[in-house]
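Step one of this worksheet: look at the structure below.
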Amino acid sequence: MSKKKEAPADPDYCVDAVCHVCSREFKARYNMVGRAKTCTPPTHVCERKTVKVPGRKDKLITCVEGCCKSKYYKGTAGAATNTSIDHRKFLNDSEYVKVQIASRKLDPPFGIGLRFTLETGCRCGETLLVRKRHLEFRDGHWDKKTGKFVGSPLSVVWIPTLKKSGHPVLPVHMDNKGEFVDELREWSKRLKPDDPLFPMAKRTFQRVFERILDRIKPDRASLVHLLRHTRASRLVRSGLDPNTIRLEMRWASIELLKVYSHTTEEEVSQAFGKIR
């Protein structure tokens with residue numbers, strides 16, 4: 001059998017990098033520093049095959065050679081059979097806290113925009129589309145005399161949804177008992193009704209968050225979308241019923257719960273402990 005000829009080294013690919021899919025060290029291009037990277041070389045051409053998926057109009061395309069790109073795309077866009085335990089796609093509790101702490105050290109609007117995405121599970125583009133008029137704060141406060149919460153326990157953010165036809169504006173609830181609602185209320189006071197809630201460029205926001213993840217979770221499988229997976233997983237662990245989670249995440253189908261909710265090995269161990 002004839003061996004494939006390797007392409008000559010490209011002088012542009014001279015930066016030491018680590019693949020965030022398989023952790024292999026490789027040479028990256030000069031303009032890939034600080035971005036998500038896979039070790040598949042730019043000269044690689046995938047030998048594609050088409051697989052028809054029952055019940056779906058689209059087709060699942062994978063690489064016969066099993067390269068890093070095919071592993072990444074198959075892992076993020078494929079079926080949910082192996083996504084229930086995949087630490088690369090969500091933040092565990094300790095990582096969640098670290099991201100929150102790191103976000104407080106960022107200048108506005110990046111820090112508060114990141115915490116907003118943590119609280120709501122918005123996609124990156126949706127976070128940047130939210131305007132002040134989309135906020136619906138409802139009165140609620142702790143009564144110091146009785147030690148009870150008085151008023152509405154929830155406020156609402158009306159999110160412009162990107163993944164549905166017509167881009168409807170759908171509600172996401174926030175807990176009035178938490179600190180973030182008060183922080184968001186103070187932040188929005190300086191804005192006009194039609195002003196963007198977080199005036200920043202999408203790519204800049206991604207880079208700021210990526211610098212945080214490089215320290216906390218270098219082997220992640222995505223960037224800001226990681227927070228959406230994390231939000232869905234936390235809602236599942238809170239004990240909410242699946243349909244309520246579907247409404248909060250603004251999914252068209254409850255089947256997406258299989259893709260977005262993740263379980264840690266510790267939680268599986270605790271579950272087995274209850275049936276012994």
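In the structure tokens, each chain is lettered A, B, ... as it comes, each chain's residues begin at 1, and ligands are numbered from 1 in order of appearance.
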
What's the 12 Å shell around segment 188-203 of chain A, counting only C-alpha atoms, without same-chain residues fewer than 3 positions away, as JSON, numbers by chain? {"A": [34, 35, 107, 108, 109, 110, 111, 112, 113, 114, 115, 116, 117, 123, 124, 125, 126, 127, 128, 129, 130, 131, 132, 133, 134, 135, 136, 137, 157, 159, 181, 182, 183, 184, 185, 206, 207, 208, 209, 210, 223, 224]}

Run DSSP on the backbone of this structure and report the residues of segment 106-200 of chain A it assigns to alpha helix (DSSP H), as a ChimeraX atom specification. /A:110-120,124-129,179-188

Just write the chosen residues, N, CA and C atoms, as a compact mmCIF listing (two decimals), in the first residue's frame.
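This is the output file again_28.txt:
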```txt
# COMPACT_ATOMS: atom_id res chain seq x y z
N PHE A 110 -18.33 43.42 30.07
CA PHE A 110 -17.98 42.02 29.87
C PHE A 110 -18.31 41.16 31.08
N GLY A 111 -17.99 41.65 32.28
CA GLY A 111 -18.24 40.87 33.48
C GLY A 111 -19.72 40.61 33.71
N ILE A 112 -20.51 41.66 33.67
CA ILE A 112 -21.95 41.50 33.93
C ILE A 112 -22.61 40.76 32.77
N GLY A 113 -22.10 40.93 31.55
CA GLY A 113 -22.63 40.19 30.41
C GLY A 113 -22.38 38.69 30.54
N LEU A 114 -21.23 38.35 31.08
CA LEU A 114 -20.90 36.94 31.30
C LEU A 114 -21.78 36.34 32.39
N ARG A 115 -22.00 37.09 33.47
CA ARG A 115 -22.86 36.57 34.54
C ARG A 115 -24.32 36.48 34.08
N PHE A 116 -24.73 37.38 33.20
CA PHE A 116 -26.08 37.31 32.63
C PHE A 116 -26.24 36.02 31.82
N THR A 117 -25.23 35.67 31.04
CA THR A 117 -25.28 34.45 30.24
C THR A 117 -25.28 33.22 31.14
N LEU A 118 -24.55 33.28 32.25
CA LEU A 118 -24.57 32.18 33.22
C LEU A 118 -25.95 32.00 33.82
N GLU A 119 -26.61 33.12 34.14
CA GLU A 119 -27.90 33.06 34.81
C GLU A 119 -29.04 32.65 33.88
N THR A 120 -28.95 33.01 32.61
CA THR A 120 -30.07 32.79 31.70
C THR A 120 -29.84 31.65 30.71
N CYS A 124 -24.65 33.25 22.77
CA CYS A 124 -23.83 34.46 22.74
C CYS A 124 -24.52 35.58 21.96
N GLY A 125 -25.03 35.25 20.77
CA GLY A 125 -25.70 36.26 19.96
C GLY A 125 -26.96 36.81 20.60
N GLU A 126 -27.67 35.97 21.35
CA GLU A 126 -28.90 36.42 22.02
C GLU A 126 -28.57 37.39 23.15
N THR A 127 -27.50 37.13 23.89
CA THR A 127 -27.09 38.04 24.96
C THR A 127 -26.86 39.44 24.42
N LEU A 128 -26.24 39.53 23.25
CA LEU A 128 -25.91 40.83 22.68
C LEU A 128 -27.12 41.51 22.03
N LEU A 129 -28.21 40.77 21.79
CA LEU A 129 -29.42 41.36 21.22
C LEU A 129 -30.36 41.91 22.28
N GLU A 179 -28.57 37.65 44.09
CA GLU A 179 -27.93 38.95 44.04
C GLU A 179 -27.90 39.53 42.63
N PHE A 180 -27.94 38.67 41.61
CA PHE A 180 -27.72 39.16 40.26
C PHE A 180 -28.84 40.08 39.77
N VAL A 181 -30.08 39.84 40.19
CA VAL A 181 -31.19 40.68 39.75
C VAL A 181 -30.98 42.12 40.21
N ASP A 182 -30.54 42.30 41.45
CA ASP A 182 -30.26 43.65 41.95
C ASP A 182 -29.11 44.28 41.16
N GLU A 183 -28.09 43.49 40.85
CA GLU A 183 -26.95 44.01 40.08
C GLU A 183 -27.41 44.43 38.69
N LEU A 184 -28.26 43.62 38.06
CA LEU A 184 -28.75 43.94 36.72
C LEU A 184 -29.67 45.16 36.75
N ARG A 185 -30.43 45.30 37.81
CA ARG A 185 -31.32 46.46 37.94
C ARG A 185 -30.51 47.76 38.00
N GLU A 186 -29.43 47.75 38.79
CA GLU A 186 -28.57 48.92 38.91
C GLU A 186 -27.87 49.23 37.59
N TRP A 187 -27.43 48.17 36.90
CA TRP A 187 -26.73 48.37 35.63
C TRP A 187 -27.65 48.98 34.59
N SER A 188 -28.90 48.57 34.56
CA SER A 188 -29.83 49.02 33.51
C SER A 188 -30.32 50.45 33.73
```

Write out, as a tab-separated table, each residue of segment 214-240 of chain A that has an atom at most 8 Å from segment 16-20 of chain A, together with the closest pair of atoms and their distance in Å to one decimal, counting only C-alpha atoms, rows going by chain and rising number.
```
residue	atom	partner	partner_atom	distance
A:Pro218	CA	A:His20	CA	6.8
A:Asp219	CA	A:His20	CA	4.8
A:Arg220	CA	A:His20	CA	6.4
A:Ala221	CA	A:His20	CA	6.9
```

Which of segment 38-274 of chain A DSSP labels strand (DSSP E), written as an MDAnalysis selection string: chainID A and resid 48:52 59:63 135:136 140:143 148:151 154:160 169:175

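Atom to atom, atom CA of Ala28 of chain A and atom CA of Tyr13 of chain A stand 4.9 Å apart.
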